[in-house]
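This is run-v6.txt (compact mmCIF, C-alpha atoms).
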```txt
# COMPACT_ATOMS: atom_id res chain seq x y z
CA MET I 20 -105.30 -32.00 30.66
CA ILE I 21 -102.66 -31.65 33.35
CA LYS I 22 -102.92 -27.90 33.14
CA SER I 23 -106.66 -28.18 33.48
CA LEU I 24 -106.37 -30.34 36.61
CA LEU I 25 -103.87 -27.98 38.17
CA THR I 26 -106.08 -25.04 37.44
CA GLY I 27 -109.01 -26.83 38.98
CA ALA I 28 -106.97 -27.75 42.07
CA SER I 29 -105.82 -24.16 42.41
CA ILE I 30 -109.34 -22.87 42.26
CA PHE I 31 -110.42 -25.48 44.82
CA ALA I 32 -107.54 -24.59 47.15
CA ALA I 33 -108.31 -20.91 46.81
CA SER I 34 -111.95 -21.58 47.60
CA VAL I 35 -111.04 -23.55 50.74
CA THR I 36 -108.69 -20.80 51.87
CA LEU I 37 -111.31 -18.14 51.30
CA ALA I 38 -113.94 -20.20 53.14
CA ALA I 39 -111.64 -20.76 56.09
CA ALA I 40 -110.70 -17.12 56.18
CA HIS I 41 -114.35 -16.21 56.15
CA ASP I 42 -115.08 -18.61 59.03
CA THR I 43 -112.29 -17.29 61.24
CA GLU I 44 -113.28 -13.71 60.49
CA ALA I 45 -116.56 -14.36 62.28
CA LEU I 46 -114.64 -15.42 65.38
CA MET I 47 -112.47 -12.34 65.71
CA GLN I 48 -114.87 -10.50 68.00
CA SER I 49 -116.65 -11.82 71.09
CA PRO I 50 -119.09 -13.50 71.28
CA PRO I 51 -118.29 -16.01 68.55
CA GLY I 52 -121.86 -17.34 68.39
CA ASP I 53 -123.08 -20.93 68.06
CA PRO I 54 -121.87 -23.53 68.78
CA TYR I 55 -119.52 -21.74 71.16
CA VAL I 56 -120.51 -21.13 74.79
CA GLN I 57 -118.78 -18.91 77.32
CA VAL I 58 -116.87 -21.21 79.65
CA SER I 59 -117.70 -19.19 82.78
CA ASP I 60 -121.42 -19.55 81.99
CA VAL I 61 -121.26 -23.33 82.27
CA LEU I 62 -118.36 -23.95 84.64
CA PRO I 63 -117.35 -22.45 88.02
CA LEU I 64 -114.52 -20.36 86.62
CA PRO I 65 -113.92 -16.59 86.53
CA ALA I 66 -115.35 -14.73 83.53
CA PHE I 67 -111.84 -13.43 82.79
CA ILE I 68 -109.06 -15.85 83.68
CA PRO I 69 -105.70 -14.09 84.10
CA GLY I 70 -103.44 -15.42 81.37
CA LEU I 71 -106.24 -16.87 79.28
CA GLY I 72 -108.84 -14.13 79.10
CA THR I 73 -112.52 -14.82 78.46
CA LEU I 74 -112.88 -18.31 77.05
CA PHE I 75 -115.44 -19.74 74.67
CA VAL I 76 -115.61 -23.35 73.53
CA ASP I 77 -117.76 -25.65 71.45
CA PRO I 78 -118.72 -28.31 74.06
CA ALA I 79 -118.52 -31.01 71.40
CA THR I 80 -114.77 -30.45 71.12
CA LEU I 81 -113.93 -30.98 74.81
CA PRO I 82 -111.48 -31.51 76.32
CA ALA I 83 -109.03 -30.40 73.64
CA GLY I 84 -110.88 -27.42 72.27
CA PRO I 85 -110.12 -25.07 70.57
CA PHE I 86 -110.92 -22.59 73.34
CA LEU I 87 -111.20 -19.09 71.91
CA ALA I 88 -109.57 -16.55 74.21
CA TYR I 89 -110.77 -12.94 74.09
CA ASP I 90 -109.29 -9.88 75.75
CA HIS I 91 -111.20 -7.26 77.75
CA ASP I 92 -112.27 -5.53 74.52
CA GLY I 93 -113.63 -8.74 73.06
CA GLN I 94 -110.82 -9.16 70.54
CA LEU I 95 -109.77 -12.72 69.75
CA SER I 96 -106.26 -12.91 71.17
CA ALA I 97 -105.43 -16.60 71.42
CA THR I 98 -106.59 -20.09 70.59
CA VAL I 99 -106.02 -22.59 73.41
CA TYR I 100 -105.95 -26.38 73.41
CA MET I 101 -106.10 -28.52 76.56
CA THR I 102 -104.77 -32.04 76.15
CA PRO I 103 -104.87 -34.50 79.08
CA LEU I 104 -101.45 -36.01 79.64
CA ALA I 105 -102.78 -39.47 80.49
CA GLU I 106 -104.76 -39.56 77.26
CA LEU I 107 -101.67 -38.66 75.27
CA GLU I 108 -99.73 -41.38 77.06
CA ASN I 109 -102.49 -43.85 76.26
CA GLY I 110 -102.16 -43.10 72.58
CA THR I 111 -104.89 -40.56 72.04
CA SER I 112 -103.96 -37.96 69.47
CA TYR I 113 -105.74 -34.69 68.83
CA ASP I 114 -105.47 -34.13 65.13
CA GLY I 115 -106.88 -31.59 62.74
CA LEU I 116 -107.93 -29.13 65.43
CA THR I 117 -109.26 -25.88 64.07
CA VAL I 118 -107.81 -22.47 64.88
CA GLY I 119 -109.54 -19.25 65.84
CA SER I 120 -107.31 -17.24 63.53
CA HIS I 121 -104.75 -18.21 60.91
CA THR I 122 -102.35 -15.56 62.19
CA VAL I 123 -100.14 -16.90 64.97
CA ALA I 124 -97.42 -14.75 66.52
CA THR I 125 -96.10 -17.08 69.24
CA VAL I 126 -97.02 -20.33 70.98
CA ASP I 127 -96.76 -21.21 74.69
CA ILE I 128 -97.07 -24.77 76.01
CA TYR I 129 -97.25 -25.44 79.72
CA TYR I 130 -98.54 -27.86 82.33
CA ASN I 131 -101.80 -27.39 84.22
CA ALA I 132 -102.76 -29.49 87.23
CA GLY I 133 -106.46 -29.29 86.39
CA HIS I 134 -109.44 -27.00 86.78
CA PRO I 135 -113.21 -27.24 86.51
CA GLY I 136 -114.01 -28.66 83.10
CA VAL I 137 -110.67 -30.37 82.55
CA GLU I 138 -109.96 -31.80 85.98
CA VAL I 139 -107.06 -34.06 85.05
CA PRO I 140 -103.47 -32.95 84.59
CA HIS I 141 -103.09 -31.60 81.09
CA ALA I 142 -101.08 -29.35 78.81
CA HIS I 143 -102.20 -25.92 77.71
CA VAL I 144 -101.16 -25.11 74.15
CA VAL I 145 -101.70 -21.40 73.59
CA LEU I 146 -101.48 -19.85 70.12
CA TYR I 147 -101.25 -16.06 70.48
CA HIS I 148 -102.62 -14.26 67.45
CA ASP I 149 -100.57 -11.08 67.71
CA ALA I 150 -97.48 -9.84 69.49
CA GLU I 151 -99.39 -8.03 72.25
CA ALA I 152 -101.96 -10.74 72.87
CA LYS I 153 -100.23 -12.29 75.87
CA GLU I 154 -100.02 -8.93 77.62
CA ARG I 155 -103.69 -8.20 76.98
CA LEU I 156 -104.72 -11.56 78.42
CA ALA I 157 -102.46 -11.31 81.47
CA GLN I 158 -104.82 -9.36 83.72
CA MET L 13 -123.29 -21.25 111.96
CA ILE L 14 -121.85 -20.21 108.71
CA THR L 15 -122.46 -18.83 105.33
CA ASN L 16 -120.38 -18.04 102.35
CA ARG L 17 -120.93 -15.27 99.88
CA ARG L 18 -123.06 -17.50 97.74
CA GLY L 19 -125.30 -18.52 100.61
CA PHE L 20 -124.05 -21.95 101.51
CA ILE L 21 -124.85 -22.84 105.09
CA ALA L 22 -123.13 -25.43 107.20
CA ILE L 23 -122.98 -26.14 110.87
CA GLY L 24 -121.01 -28.49 113.08
CA GLY L 25 -122.76 -31.37 114.79
CA GLY L 26 -122.00 -30.03 118.25
CA ALA L 27 -123.33 -26.60 117.40
CA LEU L 28 -126.48 -28.21 116.05
CA ALA L 29 -126.91 -30.06 119.33
CA THR L 30 -126.52 -26.77 121.20
CA LEU L 31 -129.25 -25.18 119.13
CA SER L 32 -131.61 -28.00 120.06
CA LEU L 33 -131.09 -27.47 123.80
CA PRO L 34 -133.73 -25.66 125.84
CA LEU L 35 -132.85 -22.00 125.92
CA SER L 36 -132.11 -22.07 129.67
CA LEU L 37 -129.47 -24.76 129.20
CA ALA L 38 -127.74 -23.21 126.23
CA LYS L 39 -124.45 -21.47 126.93
CA PRO L 40 -124.31 -17.76 126.25
CA LEU L 41 -123.23 -17.06 122.68
CA ARG L 42 -119.63 -15.97 122.43
CA ALA L 43 -117.47 -14.95 119.55
CA GLN L 44 -115.59 -18.00 118.34
CA PRO L 45 -112.10 -17.89 116.89
CA VAL L 46 -111.77 -17.93 113.12
CA GLU L 47 -108.92 -19.55 111.25
CA VAL L 48 -108.42 -18.87 107.55
CA ILE L 49 -107.37 -21.51 105.07
CA GLU L 50 -106.57 -20.10 101.64
CA MET L 51 -107.00 -21.86 98.32
CA ARG L 52 -103.97 -21.01 96.25
CA GLY L 53 -102.47 -21.74 92.87
CA THR L 54 -99.73 -20.64 90.54
CA ALA L 55 -100.65 -18.17 87.81
CA ARG L 56 -100.76 -20.85 85.14
CA GLY L 57 -102.21 -23.55 87.36
CA GLU L 58 -99.19 -25.83 87.45
CA ARG L 59 -99.68 -26.25 91.21
CA VAL L 60 -102.64 -25.79 93.54
CA TRP L 61 -102.78 -26.07 97.31
CA PHE L 62 -104.46 -25.18 100.59
CA ARG L 63 -102.51 -22.86 102.87
CA PRO L 64 -102.09 -24.12 105.49
CA TYR L 65 -102.80 -27.71 104.54
CA GLY L 66 -102.29 -28.86 108.12
CA LEU L 67 -103.96 -26.94 110.95
CA SER L 68 -104.53 -27.50 114.67
CA VAL L 69 -107.48 -25.71 116.27
CA ALA L 70 -109.55 -25.80 119.44
CA PRO L 71 -113.05 -27.27 119.37
CA GLY L 72 -115.56 -24.65 118.30
CA THR L 73 -113.20 -22.90 115.91
CA THR L 74 -114.68 -21.57 112.71
CA ILE L 75 -112.67 -22.41 109.61
CA ARG L 76 -112.94 -19.90 106.79
CA PHE L 77 -111.92 -21.19 103.38
CA VAL L 78 -111.06 -18.33 101.01
CA ASN L 79 -110.25 -18.70 97.32
CA ARG L 80 -107.12 -16.60 96.67
CA ASP L 81 -106.48 -18.16 93.27
CA ALA L 82 -107.37 -15.56 90.64
CA GLY L 83 -107.64 -18.05 87.82
CA ASN L 84 -109.35 -21.09 89.24
CA GLY L 85 -112.41 -22.43 91.03
CA HIS L 86 -111.94 -24.50 94.18
CA THR L 87 -113.93 -26.38 96.79
CA ALA L 88 -113.30 -27.50 100.35
CA THR L 89 -115.09 -30.82 100.60
CA ALA L 90 -114.99 -33.18 103.57
CA TYR L 91 -114.29 -36.83 102.85
CA HIS L 92 -117.66 -38.28 103.81
CA PRO L 93 -120.34 -40.53 102.28
CA ASP L 94 -122.65 -37.51 102.04
CA ASN L 95 -120.19 -35.97 99.60
CA PHE L 96 -120.04 -38.05 96.44
CA ASP L 97 -120.19 -41.29 98.46
CA ARG L 98 -116.61 -41.04 99.65
CA SER L 99 -115.29 -42.93 102.66
CA SER L 100 -115.45 -40.88 105.82
CA ARG L 101 -112.27 -39.23 107.00
CA ILE L 102 -113.85 -37.02 109.67
CA PRO L 103 -115.11 -37.93 113.18
CA ASP L 104 -118.24 -40.06 113.19
CA VAL L 105 -120.26 -37.48 115.12
CA ALA L 106 -119.25 -34.59 112.87
CA GLU L 107 -121.33 -33.35 110.00
CA ALA L 108 -119.95 -33.36 106.50
CA TRP L 109 -119.43 -30.08 104.70
CA ASP L 110 -118.99 -29.11 101.08
CA SER L 111 -118.32 -25.50 100.20
CA GLY L 112 -119.44 -25.88 96.62
CA PHE L 113 -117.32 -24.11 94.03
CA LEU L 114 -115.79 -20.86 95.23
CA LEU L 115 -114.73 -18.30 92.67
CA PRO L 116 -111.83 -15.92 93.40
CA ASP L 117 -112.28 -14.06 96.71
CA GLU L 118 -115.37 -16.04 97.68
CA SER L 119 -115.33 -17.78 101.04
CA PHE L 120 -117.07 -20.45 103.05
CA ASP L 121 -117.18 -20.94 106.83
CA VAL L 122 -117.63 -24.13 108.80
CA THR L 123 -117.44 -24.54 112.57
CA LEU L 124 -115.82 -27.72 113.83
CA THR L 125 -116.74 -28.89 117.32
CA ALA L 126 -116.10 -32.63 117.58
CA PRO L 127 -112.53 -33.47 118.65
CA GLY L 128 -110.57 -35.42 116.10
CA VAL L 129 -109.07 -35.42 112.64
CA TYR L 130 -110.81 -33.96 109.58
CA ASP L 131 -109.53 -34.60 106.06
CA TYR L 132 -110.90 -32.65 103.11
CA TYR L 133 -110.11 -32.08 99.45
CA CYS L 134 -110.71 -29.79 96.50
CA LEU L 135 -113.17 -31.45 94.15
CA PRO L 136 -111.54 -30.55 90.82
CA HIS L 137 -108.02 -30.84 92.19
CA GLU L 138 -107.96 -34.06 94.19
CA MET L 139 -105.89 -35.65 91.41
CA ALA L 140 -103.35 -32.89 92.03
CA ALA L 141 -103.38 -33.87 95.72
CA MET L 142 -104.96 -30.59 96.80
CA VAL L 143 -106.04 -31.85 100.21
CA GLY L 144 -105.82 -30.72 103.79
CA ARG L 145 -106.10 -31.97 107.35
CA ILE L 146 -107.54 -30.16 110.37
CA VAL L 147 -106.93 -31.47 113.88
CA VAL L 148 -109.58 -30.33 116.36
CA GLY L 149 -108.61 -30.51 120.01
CA GLN L 150 -106.14 -32.98 121.47
CA PRO L 151 -105.97 -36.80 121.58
CA GLU L 152 -106.81 -36.74 125.31
CA ASP L 153 -110.10 -34.90 124.69
CA ALA L 154 -113.29 -36.85 125.36
CA GLY L 155 -114.69 -38.29 122.16
CA TRP L 156 -111.45 -37.79 120.22
CA GLN L 157 -111.32 -39.73 116.96
CA GLY L 158 -107.99 -40.16 115.22
CA PRO L 159 -107.26 -40.19 111.49
CA SER L 160 -109.00 -42.58 109.13
CA ALA L 161 -107.14 -45.81 108.51
CA ASP L 162 -108.68 -46.21 105.07
CA THR L 163 -106.22 -46.49 102.22
CA GLU L 164 -108.59 -47.70 99.51
CA ASP L 165 -110.73 -44.65 98.72
CA VAL L 166 -107.92 -42.19 98.23
CA SER L 167 -104.79 -42.29 96.12
CA PRO L 168 -101.28 -42.81 97.48
CA GLU L 169 -100.56 -39.23 96.42
CA VAL L 170 -103.39 -37.94 98.60
CA LEU L 171 -102.28 -40.03 101.57
CA ALA L 172 -98.74 -38.74 101.18
CA ALA L 173 -99.97 -35.13 101.07
CA LEU L 174 -101.84 -35.35 104.39
CA PRO L 175 -99.52 -34.26 107.20
CA PRO L 176 -99.12 -36.59 110.19
CA VAL L 177 -101.32 -35.64 113.14
CA ALA L 178 -98.31 -35.44 115.45
CA ASP L 179 -96.65 -32.89 113.15
CA ILE L 180 -99.78 -30.74 113.02
CA LEU L 181 -100.13 -30.81 116.80
CA ALA L 182 -96.46 -29.95 117.25
CA GLN L 183 -96.34 -27.13 114.70
CA GLY L 184 -99.88 -25.78 114.87
CA ARG L 185 -100.02 -25.09 111.16
CA ILE L 186 -98.26 -26.62 108.18
CA GLY L 187 -98.24 -25.03 104.77
CA PRO L 188 -96.06 -23.50 102.11
CA GLU L 189 -94.69 -20.23 103.42
CA GLY L 190 -94.77 -17.22 101.16
CA ALA L 191 -96.72 -19.07 98.49
```

Please render this file's structure as structure tokens.
Amino acid sequence: MIKSLLTGASIFAASVTLAAAHDTEALMQSPPGDPYVQVSDVLPLPAFIPGLGTLFVDPATLPAGPFLAYDHDGQLSATVYMTPLAELENGTSYDGLTVGSHTVATVDIYYNAGHPGVEVPHAHVVLYHDAEAKERLAQ
Amino acid sequence: MITNRRGFIAIGGGALATLSLPLSLAKPLRAQPVEVIEMRGTARGERVWFRPYGLSVAPGTTIRFVNRDAGNGHTATAYHPDNFDRSSRIPDVAEAWDSGFLLPDESFDVTLTAPGVYDYYCLPHEMAAMVGRIVVGQPEDAGWQGPSADTEDVSPEVLAALPPVADILAQGRIGPEGA
């Protein structure tokens, strides 16, 4: 019985992993498709933001994101989260956020004073998906 | 008379009055001085600012706001009821201006003619105290109007970021050097 349950759980876990992998695979190349929109199409921001690349976001997930960051060749290079500092101080938590890719090479976290779309002081949490991603997004 | 690259048009109240004069009374058109105020920011957006954020100019000077921040959108927006119902912080006879959002390397011109103190801000960055003050003319000029005394419509951080008029008049321009 126990063996049966474990086997069932393993199959379920494997299915979830495969499903998630399938979902992220669809995001690896720009454009990611619905429900994501290109940030520069809806906000007064450059199409390619130095340091962040070309951003797409599902509007329903604002302000935290994830924002999917693509390089000049349309390759998914980073997943970015934007978390208002005041909201964090007030007890808001941003849990269970999805990722653009399950491969993460490095993570940068830094302060941003605000910009169109997220106009309050906030933190950028940037998950780079390969070792060269930061360089590709720089300019 | 002014335009930016996206077609915004603004004009100072005095210039508008000139345009309404009979042609024989209008002064000959002359090239007016232009002063540039840059919108700047750090690469990751930790800080944003106008450079200079304090500027003294003669009446009739055209102010050109230029976005030099490669990663951000900015505005130059006068504190005025016409702009988002804010309390006025420009001379009563002056017209409000709002550049709208400027993307990198876009610009917006406005000509200021009425003597006095003009305070303005960047719409998405007011919370970061991205504000500036322009002093047009001198306190002894006819019609001069000093700085707004209002302290309710703006934050203490904004008030602290606006340079004193005396400092602007003494130095001509105030802003982070080399930034």

**Contact residues (chain L, partner chain I, 8 Å, all atoms listed in the file) as a PyMOL selection string** = chain L and resi 55-60+82-85+113-116+136-137+139-140

**Message:** For a test of reading the model, state the distance in Å between atom CA of Asp131 of chain L and atom CA of Thr89 of chain L, rounded to one decimal.
**Reply:**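 We find that atom CA of Asp131 of chain L and atom CA of Thr89 of chain L lie 8.7 Å from each other.
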
**Message:** Env of Val118 of chain I: 8 Å cut, atoms = all atoms listed in the file, seq-sep filter 6 positions within chain, self excluded. Answer as number ranges by chain.
**Reply:** I: 43, 85, 98

For the selection you just gave me, I'd like the residues written to a file as a CSV table (one decimal), keeping the file's coordinate frame, keeping C-alpha atoms.
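Okay, this is what ended up in again00.csv:
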```csv
chain,number,residue,atom,x,y,z
I,43,THR,CA,-112.3,-17.3,61.2
I,85,PRO,CA,-110.1,-25.1,70.6
I,98,THR,CA,-106.6,-20.1,70.6
```

**Prompt:** Which value, in Å to one decimal, gives the distance between atom CA of Met51 of chain L and atom CA of Asn79 of chain L?
**Reply:** 4.6 Å

**Request:** In Å, rounded to a single decimal, give me how far atom CA of Asp149 of chain I is from atom CA of Met47 of chain I.
**Result:**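 Atom-to-atom, atom CA of Met47 of chain I and atom CA of Asp149 of chain I are spaced 12.1 Å apart.
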
**Prompt:** Of the residues L:Thr87, L:Thr123, L:Gln157, L:Ser111, which is the one nearest to Ala70 of chain L, using only C-alpha atoms?
**Reply:**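 So, comparing all the options, the nearest one is L:Thr123.
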
Kindly list the centre and edge lengths in Å, rounded to one decimal, for the axis-aligned box that covers all listed atoms of segment 81-100 of chain L plus 5 Å on each of its six sides, as AutoDock Vina command-line options.
```
--center_x -114.6 --center_y -29.2 --center_z 96.8 --size_x 26.2 --size_y 37.4 --size_z 28.0
```

**Prompt:** Of the residues I:Gly52, I:Thr102, I:Ala152, I:Tyr147, which is the one nearest to Asp114 of chain I, using only C-alpha atoms?
**Reply:**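 For Asp114 of chain I, the nearest of the candidates is I:Thr102.
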
Incomplete segment 94-120 of chain L brought to N, CA and C atoms, written out as a PDB file, in the coordinates of the input:
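Contents of rebuild.pdb, freshly written:
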```pdb
ATOM      1  N   ASP L  94    -121.685 -38.508 102.526  1.00  0.00           N
ATOM      2  CA  ASP L  94    -122.650 -37.510 102.040  1.00  0.00           C
ATOM      3  C   ASP L  94    -122.107 -36.707 100.863  1.00  0.00           C
ATOM      4  N   ASN L  95    -120.823 -36.715 100.692  1.00  0.00           N
ATOM      5  CA  ASN L  95    -120.190 -35.970  99.600  1.00  0.00           C
ATOM      6  C   ASN L  95    -119.662 -36.949  98.558  1.00  0.00           C
ATOM      7  N   PHE L  96    -120.473 -37.229  97.562  1.00  0.00           N
ATOM      8  CA  PHE L  96    -120.040 -38.050  96.440  1.00  0.00           C
ATOM      9  C   PHE L  96    -119.673 -39.478  96.873  1.00  0.00           C
ATOM     10  N   ASP L  97    -120.315 -39.912  97.987  1.00  0.00           N
ATOM     11  CA  ASP L  97    -120.190 -41.290  98.460  1.00  0.00           C
ATOM     12  C   ASP L  97    -118.731 -41.679  98.748  1.00  0.00           C
ATOM     13  N   ARG L  98    -117.994 -40.736  99.292  1.00  0.00           N
ATOM     14  CA  ARG L  98    -116.610 -41.040  99.650  1.00  0.00           C
ATOM     15  C   ARG L  98    -116.546 -41.649 101.041  1.00  0.00           C
ATOM     16  N   SER L  99    -115.493 -42.380 101.325  1.00  0.00           N
ATOM     17  CA  SER L  99    -115.290 -42.930 102.660  1.00  0.00           C
ATOM     18  C   SER L  99    -115.027 -41.782 103.641  1.00  0.00           C
ATOM     19  N   SER L 100    -115.588 -41.957 104.853  1.00  0.00           N
ATOM     20  CA  SER L 100    -115.450 -40.880 105.820  1.00  0.00           C
ATOM     21  C   SER L 100    -114.021 -40.768 106.330  1.00  0.00           C
ATOM     22  N   ARG L 101    -113.558 -39.520 106.382  1.00  0.00           N
ATOM     23  CA  ARG L 101    -112.270 -39.230 107.000  1.00  0.00           C
ATOM     24  C   ARG L 101    -112.431 -38.069 107.989  1.00  0.00           C
ATOM     25  N   ILE L 102    -113.608 -37.994 108.600  1.00  0.00           N
ATOM     26  CA  ILE L 102    -113.850 -37.020 109.670  1.00  0.00           C
ATOM     27  C   ILE L 102    -114.482 -37.787 110.827  1.00  0.00           C
ATOM     28  N   PRO L 103    -114.513 -37.217 112.039  1.00  0.00           N
ATOM     29  CA  PRO L 103    -115.110 -37.930 113.180  1.00  0.00           C
ATOM     30  C   PRO L 103    -116.546 -38.358 112.899  1.00  0.00           C
ATOM     31  N   ASP L 104    -116.912 -39.493 113.457  1.00  0.00           N
ATOM     32  CA  ASP L 104    -118.240 -40.060 113.190  1.00  0.00           C
ATOM     33  C   ASP L 104    -119.370 -39.107 113.576  1.00  0.00           C
ATOM     34  N   VAL L 105    -119.176 -38.343 114.647  1.00  0.00           N
ATOM     35  CA  VAL L 105    -120.260 -37.480 115.120  1.00  0.00           C
ATOM     36  C   VAL L 105    -120.278 -36.123 114.417  1.00  0.00           C
ATOM     37  N   ALA L 106    -119.300 -35.887 113.566  1.00  0.00           N
ATOM     38  CA  ALA L 106    -119.250 -34.590 112.870  1.00  0.00           C
ATOM     39  C   ALA L 106    -120.104 -34.620 111.618  1.00  0.00           C
ATOM     40  N   GLU L 107    -120.551 -33.451 111.232  1.00  0.00           N
ATOM     41  CA  GLU L 107    -121.330 -33.350 110.000  1.00  0.00           C
ATOM     42  C   GLU L 107    -120.400 -33.035 108.827  1.00  0.00           C
ATOM     43  N   ALA L 108    -120.743 -33.629 107.699  1.00  0.00           N
ATOM     44  CA  ALA L 108    -119.950 -33.360 106.500  1.00  0.00           C
ATOM     45  C   ALA L 108    -120.199 -31.928 106.027  1.00  0.00           C
ATOM     46  N   TRP L 109    -119.224 -31.378 105.352  1.00  0.00           N
ATOM     47  CA  TRP L 109    -119.430 -30.080 104.700  1.00  0.00           C
ATOM     48  C   TRP L 109    -118.898 -30.132 103.283  1.00  0.00           C
ATOM     49  N   ASP L 110    -119.476 -29.287 102.458  1.00  0.00           N
ATOM     50  CA  ASP L 110    -118.990 -29.110 101.080  1.00  0.00           C
ATOM     51  C   ASP L 110    -119.233 -27.653 100.719  1.00  0.00           C
ATOM     52  N   SER L 111    -118.182 -26.939 100.465  1.00  0.00           N
ATOM     53  CA  SER L 111    -118.320 -25.500 100.200  1.00  0.00           C
ATOM     54  C   SER L 111    -119.025 -25.221  98.884  1.00  0.00           C
ATOM     55  N   GLY L 112    -119.080 -26.206  97.991  1.00  0.00           N
ATOM     56  CA  GLY L 112    -119.440 -25.880  96.620  1.00  0.00           C
ATOM     57  C   GLY L 112    -118.292 -25.097  95.992  1.00  0.00           C
ATOM     58  N   PHE L 113    -118.411 -24.813  94.711  1.00  0.00           N
ATOM     59  CA  PHE L 113    -117.320 -24.110  94.030  1.00  0.00           C
ATOM     60  C   PHE L 113    -117.240 -22.662  94.492  1.00  0.00           C
ATOM     61  N   LEU L 114    -116.055 -22.249  94.857  1.00  0.00           N
ATOM     62  CA  LEU L 114    -115.790 -20.860  95.230  1.00  0.00           C
ATOM     63  C   LEU L 114    -114.983 -20.207  94.120  1.00  0.00           C
ATOM     64  N   LEU L 115    -115.478 -19.092  93.632  1.00  0.00           N
ATOM     65  CA  LEU L 115    -114.730 -18.300  92.670  1.00  0.00           C
ATOM     66  C   LEU L 115    -113.750 -17.400  93.422  1.00  0.00           C
ATOM     67  N   PRO L 116    -112.825 -16.754  92.725  1.00  0.00           N
ATOM     68  CA  PRO L 116    -111.830 -15.920  93.400  1.00  0.00           C
ATOM     69  C   PRO L 116    -112.463 -14.944  94.393  1.00  0.00           C
ATOM     70  N   ASP L 117    -111.898 -14.932  95.594  1.00  0.00           N
ATOM     71  CA  ASP L 117    -112.280 -14.060  96.710  1.00  0.00           C
ATOM     72  C   ASP L 117    -113.591 -14.471  97.382  1.00  0.00           C
ATOM     73  N   GLU L 118    -114.217 -15.527  96.948  1.00  0.00           N
ATOM     74  CA  GLU L 118    -115.370 -16.040  97.680  1.00  0.00           C
ATOM     75  C   GLU L 118    -114.880 -16.896  98.842  1.00  0.00           C
ATOM     76  N   SER L 119    -115.735 -17.029  99.861  1.00  0.00           N
ATOM     77  CA  SER L 119    -115.330 -17.780 101.040  1.00  0.00           C
ATOM     78  C   SER L 119    -116.467 -18.631 101.570  1.00  0.00           C
ATOM     79  N   PHE L 120    -116.111 -19.526 102.446  1.00  0.00           N
ATOM     80  CA  PHE L 120    -117.070 -20.450 103.050  1.00  0.00           C
ATOM     81  C   PHE L 120    -116.593 -20.737 104.467  1.00  0.00           C
TER      82      PHE L 120
END
```
